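Asks: query.txt (compact mmCIF, C-alpha atoms) pasted underneath:
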```txt
# COMPACT_ATOMS: atom_id res chain seq x y z
CA MET A 1 38.87 16.93 -0.63
CA MET A 2 37.37 13.58 -1.63
CA GLU A 3 36.06 12.97 1.90
CA LEU A 4 34.39 16.37 1.92
CA ASP A 5 32.61 15.45 -1.28
CA VAL A 6 31.21 12.26 0.24
CA GLN A 7 30.08 14.16 3.32
CA ALA A 8 28.27 16.65 1.11
CA TRP A 9 26.55 13.83 -0.79
CA VAL A 10 25.32 12.25 2.44
CA LYS A 11 23.82 15.59 3.45
CA VAL A 12 22.27 16.08 0.02
CA ALA A 13 20.65 12.63 0.24
CA ALA A 14 19.42 13.19 3.80
CA PHE A 15 17.89 16.60 3.06
CA ALA A 16 16.34 15.48 -0.22
CA GLY A 17 14.98 12.38 1.54
CA GLY A 18 13.59 14.48 4.37
CA GLY A 19 11.83 16.77 1.91
CA ILE A 20 10.34 13.83 0.01
CA ALA A 21 9.24 12.13 3.25
CA MET A 22 7.33 15.11 4.56
CA GLY A 23 6.15 16.46 1.21
CA LEU A 24 4.58 13.22 0.00
CA GLY A 25 3.69 12.24 3.56
CA ALA A 26 1.45 15.29 3.89
CA VAL A 27 -0.65 14.40 0.83
CA GLY A 28 -2.63 11.46 2.15
CA ALA A 29 -3.57 12.59 5.63
CA ALA A 30 -4.71 15.97 4.36
CA ILE A 31 -7.03 14.41 1.76
CA GLY A 32 -8.36 11.84 4.23
CA GLU A 33 -9.06 14.42 6.92
CA GLY A 34 -10.71 16.65 4.36
CA TYR A 35 -13.03 13.80 3.40
CA THR A 36 -13.88 13.21 7.07
CA ALA A 37 -14.62 16.89 7.62
CA ALA A 38 -16.73 17.08 4.45
CA GLN A 39 -18.91 14.15 5.59
CA ALA A 40 -19.11 15.67 9.08
CA ASN A 41 -20.55 18.82 7.54
CA VAL A 42 -23.18 16.79 5.68
CA ALA A 43 -23.99 14.97 8.92
CA VAL A 44 -24.35 18.18 10.93
CA ALA A 45 -26.64 19.61 8.26
CA ARG A 46 -28.87 16.53 8.60
CA SER A 47 -28.88 16.39 12.40
CA PRO A 48 -27.84 19.74 13.87
CA LYS A 49 -29.00 18.62 17.33
CA ILE A 50 -26.15 16.14 17.77
CA SER A 51 -23.52 18.40 16.25
CA GLY A 52 -21.41 18.02 19.40
CA ASP A 53 -21.17 14.22 19.01
CA ILE A 54 -20.43 14.49 15.30
CA PHE A 55 -17.76 17.10 15.94
CA LYS A 56 -16.10 14.89 18.56
CA ASN A 57 -16.21 11.85 16.27
CA MET A 58 -14.77 13.89 13.40
CA LEU A 59 -11.80 14.99 15.51
CA VAL A 60 -11.09 11.45 16.76
CA GLY A 61 -11.23 10.11 13.19
CA GLN A 62 -8.99 12.86 11.90
CA ALA A 63 -6.49 12.28 14.69
CA VAL A 64 -6.02 8.66 13.56
CA ALA A 65 -5.65 9.74 9.92
CA GLU A 66 -3.08 12.31 11.03
CA SER A 67 -0.78 9.64 12.45
CA ALA A 68 0.47 8.67 8.97
CA SER A 69 1.80 12.16 8.40
CA ILE A 70 3.19 12.34 11.93
CA PHE A 71 5.27 9.24 11.13
CA ALA A 72 6.51 11.14 8.06
CA LEU A 73 7.30 14.19 10.19
CA VAL A 74 9.34 12.07 12.63
CA VAL A 75 11.33 10.45 9.82
CA ALA A 76 11.89 13.82 8.12
CA ILE A 77 13.18 15.40 11.35
CA LEU A 78 15.45 12.40 11.95
CA LEU A 79 16.81 12.76 8.41
CA LEU A 80 17.54 16.45 8.98
CA PHE A 81 19.22 16.20 12.37
CA ILE A 82 20.52 12.64 12.75
CA ASP A 83 24.23 12.23 13.28
CA LYS A 84 25.33 11.23 9.79
CA GLY A 85 28.25 9.24 11.27
CA ASP A 86 31.08 7.99 9.17
CA PRO A 87 30.21 9.43 5.75
CA ASN A 88 30.11 7.00 2.86
CA MET A 89 28.04 6.78 -0.29
CA LEU A 90 26.03 3.80 0.98
CA LYS A 91 24.83 5.92 3.90
CA ALA A 92 23.62 8.48 1.38
CA ALA A 93 21.65 5.82 -0.52
CA ALA A 94 20.16 4.47 2.73
CA LEU A 95 19.02 7.91 3.92
CA PHE A 96 17.45 8.72 0.55
CA GLY A 97 15.71 5.32 0.53
CA ALA A 98 14.34 5.99 4.03
CA GLY A 99 12.78 9.25 2.89
CA VAL A 100 11.24 7.66 -0.21
CA SER A 101 9.80 4.77 1.80
CA MET A 102 8.13 6.98 4.38
CA GLY A 103 6.92 9.60 1.92
CA PHE A 104 5.13 7.22 -0.46
CA GLY A 105 4.09 4.94 2.39
CA ALA A 106 2.06 7.60 4.19
CA ILE A 107 -0.15 8.45 1.19
CA GLY A 108 -2.49 5.45 1.14
CA SER A 109 -2.96 5.17 4.89
CA GLY A 110 -3.73 8.86 5.22
CA VAL A 111 -6.40 8.86 2.50
CA GLY A 112 -7.79 5.50 3.59
CA SER A 113 -8.20 6.41 7.25
CA GLY A 114 -10.37 9.33 6.22
CA PHE A 115 -13.11 7.05 4.82
CA PRO A 116 -14.17 5.38 8.10
CA GLY A 117 -14.03 8.76 9.84
CA GLY A 118 -16.37 10.36 7.31
CA GLN A 119 -18.77 7.41 7.15
CA ALA A 120 -18.92 7.22 10.96
CA CYS A 121 -19.92 10.91 11.08
CA LEU A 122 -22.66 10.28 8.49
CA GLY A 123 -23.72 7.20 10.43
CA LEU A 124 -24.09 9.22 13.62
CA SER A 125 -26.61 11.47 11.92
CA ARG A 126 -28.55 8.37 10.85
CA GLN A 127 -28.32 6.38 14.12
CA PRO A 128 -27.35 8.64 17.03
CA ALA A 129 -28.02 5.79 19.48
CA MET A 130 -25.18 3.74 17.92
CA ALA A 131 -22.55 6.38 18.67
CA ASN A 132 -20.29 4.13 20.73
CA ARG A 133 -20.44 1.18 18.34
CA LEU A 134 -19.74 3.48 15.42
CA THR A 135 -16.75 5.14 17.04
CA THR A 136 -15.31 1.77 18.07
CA ASN A 137 -15.79 0.34 14.58
CA MET A 138 -14.25 3.46 13.06
CA LEU A 139 -11.21 3.22 15.34
CA ILE A 140 -10.63 -0.48 14.58
CA GLY A 141 -10.96 0.11 10.84
CA SER A 142 -8.73 3.16 10.69
CA ALA A 143 -6.11 1.58 12.95
CA VAL A 144 -5.78 -1.33 10.50
CA CYS A 145 -5.46 1.26 7.69
CA GLN A 146 -2.36 2.61 9.38
CA THR A 147 -0.42 -0.67 9.14
CA PRO A 148 1.04 -0.01 5.66
CA ALA A 149 2.33 3.37 6.90
CA ILE A 150 3.84 1.59 9.91
CA PHE A 151 5.56 -0.92 7.60
CA SER A 152 7.02 2.02 5.70
CA MET A 153 8.19 3.63 8.92
CA VAL A 154 9.84 0.37 10.02
CA VAL A 155 11.75 0.17 6.73
CA ALA A 156 12.67 3.87 6.95
CA LEU A 157 14.01 3.49 10.51
CA MET A 158 15.98 0.37 9.56
CA LEU A 159 17.54 2.24 6.63
CA LEU A 160 18.32 5.14 8.96
CA PHE A 161 19.96 3.18 11.74
CA MET A 162 21.43 -0.01 10.24
CA ASP A 163 25.10 -0.07 9.47
CA PHE A 164 25.75 -0.89 5.83
CA SER A 165 29.35 0.31 5.72
CA ASN A 166 30.82 -3.19 5.23
CA ALA A 167 28.78 -3.93 2.10
CA PRO A 168 30.24 -3.23 -1.34
CA LEU A 169 29.03 0.17 -2.67
CA HIS A 170 28.12 -1.33 -6.06
CA PRO A 171 25.43 -2.67 -6.29
CA THR A 172 24.22 -2.27 -2.66
CA TRP A 173 23.30 1.40 -3.18
CA ALA A 174 20.57 0.31 -5.63
CA ALA A 175 19.35 -2.36 -3.20
CA LEU A 176 18.84 0.25 -0.45
CA ILE A 177 16.93 2.68 -2.68
CA GLY A 178 14.95 -0.28 -4.05
CA ALA A 179 14.10 -1.35 -0.50
CA GLY A 180 12.61 2.08 0.18
CA LEU A 181 10.63 2.10 -3.07
CA SER A 182 9.26 -1.40 -2.59
CA THR A 183 7.54 -0.91 0.77
CA GLY A 184 6.72 2.75 0.17
CA LEU A 185 4.91 2.31 -3.15
CA ALA A 186 3.18 -0.95 -2.18
CA ALA A 187 1.76 0.74 0.92
CA ILE A 188 -0.25 3.19 -1.23
CA GLY A 189 -2.69 0.57 -2.47
CA SER A 190 -3.08 -1.33 0.79
CA GLY A 191 -3.73 1.79 2.84
CA TYR A 192 -6.32 3.11 0.39
CA GLY A 193 -7.99 -0.30 -0.03
CA GLY A 194 -8.18 -0.95 3.70
CA GLY A 195 -9.86 2.43 4.09
CA MET A 196 -12.55 1.59 1.53
CA ALA A 197 -13.49 -1.55 3.49
CA ALA A 198 -13.52 0.35 6.79
CA GLY A 199 -15.67 3.16 5.38
CA ALA A 200 -18.27 0.70 4.08
CA SER A 201 -18.38 -1.03 7.46
CA CYS A 202 -19.12 2.23 9.32
CA GLU A 203 -21.92 2.92 6.87
CA GLY A 204 -23.18 -0.62 7.34
CA VAL A 205 -23.18 -0.49 11.14
CA ALA A 206 -25.29 2.66 11.05
CA ARG A 207 -27.70 1.14 8.54
CA GLN A 208 -28.14 -2.23 10.25
CA PRO A 209 -26.99 -1.99 13.89
CA GLU A 210 -27.86 -5.62 14.66
CA ALA A 211 -25.44 -6.84 11.96
CA VAL A 212 -22.47 -5.19 13.67
CA GLY A 213 -20.69 -8.47 14.47
CA ASN A 214 -20.82 -9.79 10.90
CA VAL A 215 -19.95 -6.40 9.43
CA THR A 216 -16.87 -5.91 11.61
CA THR A 217 -15.71 -9.48 10.93
CA ILE A 218 -15.92 -9.24 7.15
CA MET A 219 -14.28 -5.79 7.30
CA LEU A 220 -11.30 -7.22 9.17
CA VAL A 221 -10.97 -10.21 6.82
CA GLY A 222 -11.20 -7.93 3.78
CA GLN A 223 -8.67 -5.51 5.21
CA ALA A 224 -6.28 -8.32 6.07
CA VAL A 225 -6.31 -9.53 2.45
CA ALA A 226 -5.91 -5.93 1.24
CA GLN A 227 -2.75 -5.67 3.40
CA THR A 228 -0.99 -8.54 1.59
CA PRO A 229 0.49 -6.44 -1.27
CA SER A 230 2.19 -4.22 1.30
CA ILE A 231 3.48 -7.33 3.08
CA PHE A 232 4.97 -8.49 -0.24
CA GLY A 233 6.60 -5.05 -0.47
CA LEU A 234 7.98 -5.40 3.05
CA LEU A 235 9.32 -8.87 2.26
CA VAL A 236 11.18 -7.67 -0.84
CA SER A 237 12.55 -4.69 1.16
CA PHE A 238 13.90 -7.02 3.84
CA ILE A 239 15.58 -9.24 1.24
CA LEU A 240 17.14 -6.16 -0.39
CA MET A 241 18.39 -4.83 2.96
CA PHE A 242 19.70 -8.07 4.49
CA LYS A 243 21.11 -10.00 1.53
CA THR A 244 24.76 -9.40 0.81
CA PHE A 245 25.32 -8.80 -2.87
CA PRO A 246 28.67 -9.67 -4.49
CA GLU A 247 30.58 -6.58 -5.57
CA SER A 248 29.95 -5.66 -9.19
CA THR A 249 30.72 -2.37 -10.84
CA GLN A 250 28.42 -3.24 -13.72
CA LEU A 251 25.35 -1.09 -14.10
CA GLN A 252 23.14 -4.11 -14.77
CA ALA A 253 23.63 -5.56 -11.27
CA ALA A 254 22.44 -2.28 -9.73
CA MET A 255 19.51 -1.84 -12.11
CA ALA A 256 18.28 -5.39 -11.41
CA LEU A 257 17.96 -4.54 -7.70
CA LEU A 258 16.38 -1.12 -8.33
CA GLY A 259 13.99 -2.78 -10.79
CA ALA A 260 13.07 -5.40 -8.17
CA GLY A 261 12.07 -2.67 -5.72
CA LEU A 262 10.07 -0.75 -8.33
CA CYS A 263 8.34 -3.90 -9.53
CA THR A 264 6.91 -5.07 -6.18
CA GLY A 265 6.27 -1.45 -5.21
CA PHE A 266 4.19 -0.44 -8.23
CA GLY A 267 2.78 -3.95 -8.50
CA GLY A 268 1.25 -3.70 -5.03
CA ILE A 269 -0.73 -0.52 -5.72
CA GLY A 270 -3.41 -1.98 -7.98
CA PRO A 271 -4.14 -5.21 -6.07
CA GLY A 272 -4.23 -3.25 -2.80
CA VAL A 273 -6.90 -0.89 -4.15
CA GLY A 274 -8.73 -3.74 -5.91
CA ASN A 275 -8.85 -5.93 -2.81
CA GLY A 276 -10.22 -2.94 -0.93
CA MET A 277 -12.95 -2.44 -3.55
CA ALA A 278 -13.96 -6.09 -3.31
CA ALA A 279 -14.04 -5.85 0.49
CA GLU A 280 -16.08 -2.64 0.31
CA GLY A 281 -18.69 -4.32 -1.87
CA ALA A 282 -18.89 -7.35 0.40
CA VAL A 283 -19.09 -5.31 3.63
CA ARG A 284 -21.76 -3.04 2.17
CA TRP A 285 -23.96 -5.99 1.21
CA VAL A 286 -23.43 -7.97 4.40
CA ALA A 287 -24.99 -4.99 6.18
CA ARG A 288 -27.96 -5.07 3.79
CA ASN A 289 -28.37 -8.83 3.54
CA VAL A 290 -26.83 -10.35 6.66
CA LYS A 291 -28.45 -13.76 6.02
CA HIS A 292 -26.07 -14.33 3.15
CA ALA A 293 -22.91 -13.19 4.93
CA ALA A 294 -21.21 -16.54 4.25
CA ASP A 295 -21.87 -16.36 0.49
CA LEU A 296 -20.59 -12.82 0.39
CA MET A 297 -17.47 -13.69 2.34
CA ARG A 298 -16.74 -16.51 -0.08
CA ILE A 299 -17.21 -14.45 -3.23
CA MET A 300 -15.15 -11.62 -1.71
CA LEU A 301 -12.24 -13.96 -1.00
CA VAL A 302 -12.38 -15.53 -4.47
CA GLY A 303 -12.51 -12.10 -6.11
CA GLN A 304 -9.66 -10.81 -3.96
CA ALA A 305 -7.54 -13.85 -4.74
CA VAL A 306 -7.87 -13.17 -8.48
CA SER A 307 -7.14 -9.47 -7.95
CA GLN A 308 -4.10 -10.45 -5.91
CA SER A 309 -2.57 -12.44 -8.77
CA THR A 310 -0.83 -9.51 -10.43
CA ALA A 311 0.87 -8.57 -7.14
CA ILE A 312 2.17 -12.13 -7.00
CA TYR A 313 3.47 -11.89 -10.59
CA ALA A 314 5.24 -8.66 -9.61
CA MET A 315 6.80 -10.32 -6.58
CA VAL A 316 7.96 -13.27 -8.70
CA VAL A 317 9.60 -10.92 -11.22
CA SER A 318 11.28 -9.08 -8.32
CA LEU A 319 12.60 -12.31 -6.84
CA VAL A 320 13.91 -13.36 -10.28
CA LEU A 321 15.64 -9.97 -10.56
CA ILE A 322 17.23 -10.41 -7.13
CA PHE A 323 18.17 -14.08 -7.15
CA VAL A 324 18.39 -15.30 -10.75
CA VAL A 325 19.72 -12.71 -13.18
CA MET B 326 32.36 2.39 -12.59
CA ALA B 327 33.01 0.85 -15.97
CA ILE B 328 29.99 1.23 -18.20
CA GLU B 329 29.99 -0.46 -21.58
CA GLY B 330 27.37 -0.73 -24.29
CA ALA B 331 26.30 -4.29 -23.51
CA ASP B 332 26.11 -3.46 -19.80
CA ILE B 333 23.81 -0.49 -20.42
CA VAL B 334 21.55 -2.61 -22.61
CA LYS B 335 21.26 -5.30 -19.92
CA ALA B 336 20.72 -2.66 -17.22
CA ALA B 337 17.91 -1.07 -19.20
CA ALA B 338 16.34 -4.49 -19.81
CA PHE B 339 16.32 -5.28 -16.06
CA LEU B 340 14.92 -1.89 -15.09
CA GLY B 341 12.37 -2.18 -17.91
CA ALA B 342 11.30 -5.62 -16.69
CA GLY B 343 10.64 -4.25 -13.21
CA VAL B 344 8.72 -1.23 -14.49
CA SER B 345 6.74 -3.33 -16.97
CA MET B 346 5.47 -5.83 -14.42
CA GLY B 347 5.10 -3.21 -11.68
CA LEU B 348 2.98 -0.71 -13.61
CA GLY B 349 1.25 -3.49 -15.53
CA ALA B 350 -0.06 -4.94 -12.28
CA ILE B 351 -1.97 -1.77 -11.33
CA GLY B 352 -4.76 -1.97 -13.90
CA PRO B 353 -5.79 -5.61 -13.49
CA GLY B 354 -5.60 -5.29 -9.71
CA VAL B 355 -8.03 -2.36 -9.63
CA GLY B 356 -10.24 -3.72 -12.43
CA GLU B 357 -10.65 -7.18 -10.90
CA GLY B 358 -11.42 -5.60 -7.56
CA MET B 359 -14.25 -3.62 -9.18
CA VAL B 360 -15.65 -6.80 -10.69
CA ALA B 361 -15.56 -8.53 -7.31
CA ALA B 362 -17.25 -5.55 -5.60
CA LYS B 363 -20.10 -5.60 -8.13
CA ALA B 364 -20.39 -9.38 -7.87
CA CYS B 365 -20.84 -8.99 -4.10
CA GLU B 366 -23.52 -6.38 -4.73
CA ALA B 367 -25.33 -8.66 -7.18
CA ILE B 368 -25.20 -11.65 -4.83
CA GLY B 369 -26.43 -9.45 -1.99
CA LYS B 370 -29.43 -8.44 -4.12
CA ASN B 371 -30.07 -11.87 -5.61
CA PRO B 372 -28.43 -14.63 -3.56
CA LYS B 373 -30.15 -17.44 -5.52
CA GLU B 374 -27.98 -16.73 -8.54
CA ALA B 375 -24.70 -17.00 -6.60
CA GLY B 376 -23.31 -19.76 -8.84
CA LEU B 377 -24.02 -17.92 -12.07
CA LEU B 378 -22.65 -14.68 -10.65
CA THR B 379 -19.45 -16.34 -9.45
CA ARG B 380 -18.92 -17.74 -12.93
CA THR B 381 -19.57 -14.39 -14.59
CA MET B 382 -17.20 -12.69 -12.15
CA LEU B 383 -14.40 -15.16 -12.80
CA VAL B 384 -14.73 -14.94 -16.58
CA GLY B 385 -14.75 -11.14 -16.43
CA GLN B 386 -11.73 -11.11 -14.17
CA ALA B 387 -9.89 -13.54 -16.42
CA VAL B 388 -10.30 -11.12 -19.33
CA SER B 389 -9.13 -8.23 -17.14
CA GLU B 390 -6.16 -10.33 -16.07
CA SER B 391 -4.90 -10.58 -19.65
CA THR B 392 -3.05 -7.24 -19.60
CA GLY B 393 -1.27 -8.32 -16.40
CA ILE B 394 -0.17 -11.49 -18.16
CA TYR B 395 1.07 -9.45 -21.15
CA SER B 396 3.19 -7.44 -18.69
CA LEU B 397 4.52 -10.63 -17.16
CA VAL B 398 5.42 -12.03 -20.59
CA ILE B 399 7.21 -8.81 -21.55
CA ALA B 400 9.04 -8.76 -18.22
CA LEU B 401 10.19 -12.36 -18.66
CA LEU B 402 11.23 -11.64 -22.27
CA LEU B 403 13.26 -8.65 -21.06
CA LEU B 404 14.86 -10.76 -18.34
CA PHE B 405 15.76 -13.88 -20.24
CA VAL B 406 15.49 -13.42 -23.99
CA VAL B 407 16.46 -9.95 -25.15
```
Let me see the file written as structure tokens.
Replies:
Amino acid sequence: MMELDVQAWVKVAAFAGGGIAMGLGAVGAAIGEGYTAAQANVAVARSPKISGDIFKNMLVGQAVAESASIFALVVAILLLFIDKGDPNMLKAAALFGAGVSMGFGAIGSGVGSGFPGGQACLGLSRQPAMANRLTTNMLIGSAVCQTPAIFSMVVALMLLFMDFSNAPLHPTWAALIGAGLSTGLAAIGSGYGGGMAAGASCEGVARQPEAVGNVTTIMLVGQAVAQTPSIFGLLVSFILMFKTFPESTQLQAAMALLGAGLCTGFGGIGPGVGNGMAAEGAVRWVARNVKHAADLMRIMLVGQAVSQSTAIYAMVVSLVLIFVV
Amino acid sequence: MAIEGADIVKAAAFLGAGVSMGLGAIGPGVGEGMVAAKACEAIGKNPKEAGLLTRTMLVGQAVSESTGIYSLVIALLLLFVV
């Protein structure tokens, strides 16, 4: 009777996780693709003669944005049909954590990837001769936007397939859900922020084709810095998954680990978006004033470093929650 | 799972510390990013004033940072004092 109960709980966790993964995972890509399509319409209205090129570019951009929600679909299907194995309550926590990680993690990348797609379509209507450069720049930018979603998928797959059955149930269950929350939430900001930088660079390449080298470089640097909050999230997730916690039936041990995941997760959202805003401003003005690219790069990095500080505070509090208290 | 009063209080303090610092980090992160974006715009328009603009940006960001530091203080109080 007791074993049946545990089996039911594992299924409950897997199905709830699958629903969360696909439900939240559909949000971002849909918004991002809608943005791309909206800009494509504006572009076609401006230059109906090259509507074929714009249409093609729109579809390529949307396909990249779609990948975030395809990751979510894969994880959701795995959660529904995977062999649940030897049922225990830790497995239930791991499956639920996997769904949470993938669901939240797909939001930012989906929305963010839509920005370069839309701006590349607008750019085509402005500079049809730059079609190849624009598409290449769009693909580089939106591919980098996908990394936070890929981090979330990595964490989700590890939670799905790693064997936690030897760990003590209390407090490891909270560590596994915390691991999902940490990477999943932190990916929202980084994906969105990376998209802002990529969108500005597509606009910039169309405005000032000869500045393409500088614009792509500062976009990549800005995006790399915008990724850091999601890397902090990934780091905390790995610690929560791989560290063995001494058995403790006290609620406080579990809540410390859940709190650690929430802290780095939420804490990464703001700095990820903020770093993306700083990068967007810098990329936009490198395209308009390429002579001062070095000044702009410097001020962007200083501004991003300050914006990053709160993500670092959040990571410090998480590490204190895991290792000290 | 034995749950006692003191345990629940500690558990709530730990969860509260995580939520405090986590949510508290969102605002300063976004706000400071906005400042940096506008500073880039201003330097792009008027590169001669880069020094002045950097200083203005940093002072503005420092003020925006304050709420993040409040969150950190509250989180540390919840962890170690209460």
Asks: I'd like the interatomic distance between atom CA of Gly114 of chain A and atom CA of Gln62 of chain A, to a tenth of an Å.
Replies: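 Straight-line distance from atom CA of Gly114 of chain A to atom CA of Gln62 of chain A works out to 6.8 Å.
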Asks: Residues of chain B that have any atom at most 7 Å from an atom of chain A: could you tabulate them with the shortest-distance atom pair and the distance in Å to one decimal, using only C-alpha atoms, ordered by chain and increasing number, as JSON lines?
Replies:
```
{"residue": "B:Met326", "atom": "CA", "partner": "A:Thr249", "partner_atom": "CA", "distance": 5.3}
{"residue": "B:Ala327", "atom": "CA", "partner": "A:Thr249", "partner_atom": "CA", "distance": 6.5}
{"residue": "B:Ile328", "atom": "CA", "partner": "A:Gln250", "partner_atom": "CA", "distance": 6.5}
{"residue": "B:Asp332", "atom": "CA", "partner": "A:Gln252", "partner_atom": "CA", "distance": 5.9}
{"residue": "B:Ile333", "atom": "CA", "partner": "A:Leu251", "partner_atom": "CA", "distance": 6.5}
{"residue": "B:Lys335", "atom": "CA", "partner": "A:Gln252", "partner_atom": "CA", "distance": 5.6}
{"residue": "B:Ala336", "atom": "CA", "partner": "A:Gln252", "partner_atom": "CA", "distance": 3.7}
{"residue": "B:Phe339", "atom": "CA", "partner": "A:Ala256", "partner_atom": "CA", "distance": 5.0}
{"residue": "B:Leu340", "atom": "CA", "partner": "A:Gly259", "partner_atom": "CA", "distance": 4.5}
{"residue": "B:Gly343", "atom": "CA", "partner": "A:Cys263", "partner_atom": "CA", "distance": 4.4}
{"residue": "B:Val344", "atom": "CA", "partner": "A:Cys263", "partner_atom": "CA", "distance": 5.6}
{"residue": "B:Met346", "atom": "CA", "partner": "A:Ala314", "partner_atom": "CA", "distance": 5.6}
{"residue": "B:Gly347", "atom": "CA", "partner": "A:Cys263", "partner_atom": "CA", "distance": 3.9}
{"residue": "B:Leu348", "atom": "CA", "partner": "A:Phe266", "partner_atom": "CA", "distance": 5.5}
{"residue": "B:Ala350", "atom": "CA", "partner": "A:Gly267", "partner_atom": "CA", "distance": 4.8}
{"residue": "B:Ile351", "atom": "CA", "partner": "A:Gly270", "partner_atom": "CA", "distance": 3.7}
{"residue": "B:Gly352", "atom": "CA", "partner": "A:Gly270", "partner_atom": "CA", "distance": 6.1}
{"residue": "B:Pro353", "atom": "CA", "partner": "A:Ser307", "partner_atom": "CA", "distance": 6.9}
{"residue": "B:Gly354", "atom": "CA", "partner": "A:Pro271", "partner_atom": "CA", "distance": 3.9}
{"residue": "B:Val355", "atom": "CA", "partner": "A:Gly274", "partner_atom": "CA", "distance": 4.0}
{"residue": "B:Gly356", "atom": "CA", "partner": "A:Gly274", "partner_atom": "CA", "distance": 6.7}
{"residue": "B:Glu357", "atom": "CA", "partner": "A:Ser307", "partner_atom": "CA", "distance": 5.1}
{"residue": "B:Gly358", "atom": "CA", "partner": "A:Gly274", "partner_atom": "CA", "distance": 3.7}
{"residue": "B:Met359", "atom": "CA", "partner": "A:Met277", "partner_atom": "CA", "distance": 5.9}
{"residue": "B:Ala361", "atom": "CA", "partner": "A:Gly303", "partner_atom": "CA", "distance": 4.8}
{"residue": "B:Ala362", "atom": "CA", "partner": "A:Ala278", "partner_atom": "CA", "distance": 4.0}
{"residue": "B:Lys363", "atom": "CA", "partner": "A:Gly281", "partner_atom": "CA", "distance": 6.5}
{"residue": "B:Cys365", "atom": "CA", "partner": "A:Ala282", "partner_atom": "CA", "distance": 5.2}
{"residue": "B:Glu366", "atom": "CA", "partner": "A:Trp285", "partner_atom": "CA", "distance": 6.0}
{"residue": "B:Gly369", "atom": "CA", "partner": "A:Trp285", "partner_atom": "CA", "distance": 5.3}
{"residue": "B:Thr379", "atom": "CA", "partner": "A:Ile299", "partner_atom": "CA", "distance": 6.9}
{"residue": "B:Gly393", "atom": "CA", "partner": "A:Thr310", "partner_atom": "CA", "distance": 6.1}
{"residue": "B:Leu397", "atom": "CA", "partner": "A:Tyr313", "partner_atom": "CA", "distance": 6.8}
```
Asks: Show which residues sit within 6 Å of segment 150-161 of chain A, as a ChimeraX atom specification. Count only C-alpha atoms, and ignore same-chain residues fewer than 4 positions away.
Replies: /A:94-95,98,101-102,105,183-184
Asks: Report the distance between atom CA of Ala206 of chain A and atom CA of Ala143 of chain A in Å, rounded to one decimal place.
Replies: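 A separation of 19.3 Å between them.
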Asks: Quick one: distance from atom CA of Ala187 of chain A to atom CA of Gly103 of chain A in Å, one decimal?
Replies: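 Computed distance, atom CA of Ala187 of chain A to atom CA of Gly103 of chain A, equals 10.3 Å.
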Asks: Counting all atoms listed in the file, find the residues whose atoms lie at most 10 Å from (21.3, -5.6, 1.4) (file coordinates) and write them out as a list in words.
Replies: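 Here the neighbourhood of the point contains Phe164, Ala167, Pro168, Pro171, Thr172, Trp173, Ala174, Ala175, Leu176, Gly178, Ala179, Ser237, Phe238, Ile239, Leu240, Met241, Phe242, Lys243, Thr244, Phe245 and Leu257 of chain A.
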Asks: Can you spit out the residues from that selection as an mmCIF file, in the coordinates of the input, using C-alpha atoms?
Replies:
```
data_model
loop_
_atom_site.group_PDB
_atom_site.id
_atom_site.type_symbol
_atom_site.label_atom_id
_atom_site.label_comp_id
_atom_site.auth_asym_id
_atom_site.auth_seq_id
_atom_site.Cartn_x
_atom_site.Cartn_y
_atom_site.Cartn_z
ATOM 1 C CA PHE A 164 25.750 -0.890 5.830
ATOM 2 C CA ALA A 167 28.780 -3.930 2.100
ATOM 3 C CA PRO A 168 30.240 -3.230 -1.340
ATOM 4 C CA PRO A 171 25.430 -2.670 -6.290
ATOM 5 C CA THR A 172 24.220 -2.270 -2.660
ATOM 6 C CA TRP A 173 23.300 1.400 -3.180
ATOM 7 C CA ALA A 174 20.570 0.310 -5.630
ATOM 8 C CA ALA A 175 19.350 -2.360 -3.200
ATOM 9 C CA LEU A 176 18.840 0.250 -0.450
ATOM 10 C CA GLY A 178 14.950 -0.280 -4.050
ATOM 11 C CA ALA A 179 14.100 -1.350 -0.500
ATOM 12 C CA SER A 237 12.550 -4.690 1.160
ATOM 13 C CA PHE A 238 13.900 -7.020 3.840
ATOM 14 C CA ILE A 239 15.580 -9.240 1.240
ATOM 15 C CA LEU A 240 17.140 -6.160 -0.390
ATOM 16 C CA MET A 241 18.390 -4.830 2.960
ATOM 17 C CA PHE A 242 19.700 -8.070 4.490
ATOM 18 C CA LYS A 243 21.110 -10.000 1.530
ATOM 19 C CA THR A 244 24.760 -9.400 0.810
ATOM 20 C CA PHE A 245 25.320 -8.800 -2.870
ATOM 21 C CA LEU A 257 17.960 -4.540 -7.700
#
```
Asks: Skip Ser201 of chain A itself and residues of its chain fewer than 5 positions away, then list as JSON, numbers by chain all residues within 12 Å of it, counting all atoms listed in the file.
Replies: {"A": [115, 116, 117, 118, 119, 120, 123, 133, 134, 135, 136, 137, 138, 139, 140, 141, 142, 194, 195, 196, 206, 207, 208, 209, 211, 212, 213, 214, 215, 216, 217, 218, 219, 220, 221, 222, 223, 276, 279, 280, 281, 282, 283, 284, 285, 286, 287, 288]}
Asks: Would you please work out which residue, of B:Ile368, B:Ala338, B:Val384, B:Leu377, is nearest to Leu402 of chain B when using all atoms listed in the file?
Replies: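 Using all atoms listed in the file, the shortest distance to Leu402 of chain B belongs to B:Ala338.
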Asks: Determine the nearest neighbour of Leu401 of chain B from the options B:Leu378, B:Val388, B:Ala342, B:Val334, counting only C-alpha atoms.
Replies: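 Of B:Leu378, B:Val388, B:Ala342, B:Val334, the one nearest Leu401 of chain B is B:Ala342, counting only C-alpha atoms.
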Asks: Measuring atom to atom with all atoms listed in the file, identify which of A:Val236, A:Met58, A:Leu169, A:Val100 is nearest to Ser113 of chain A.
Replies: A:Met58
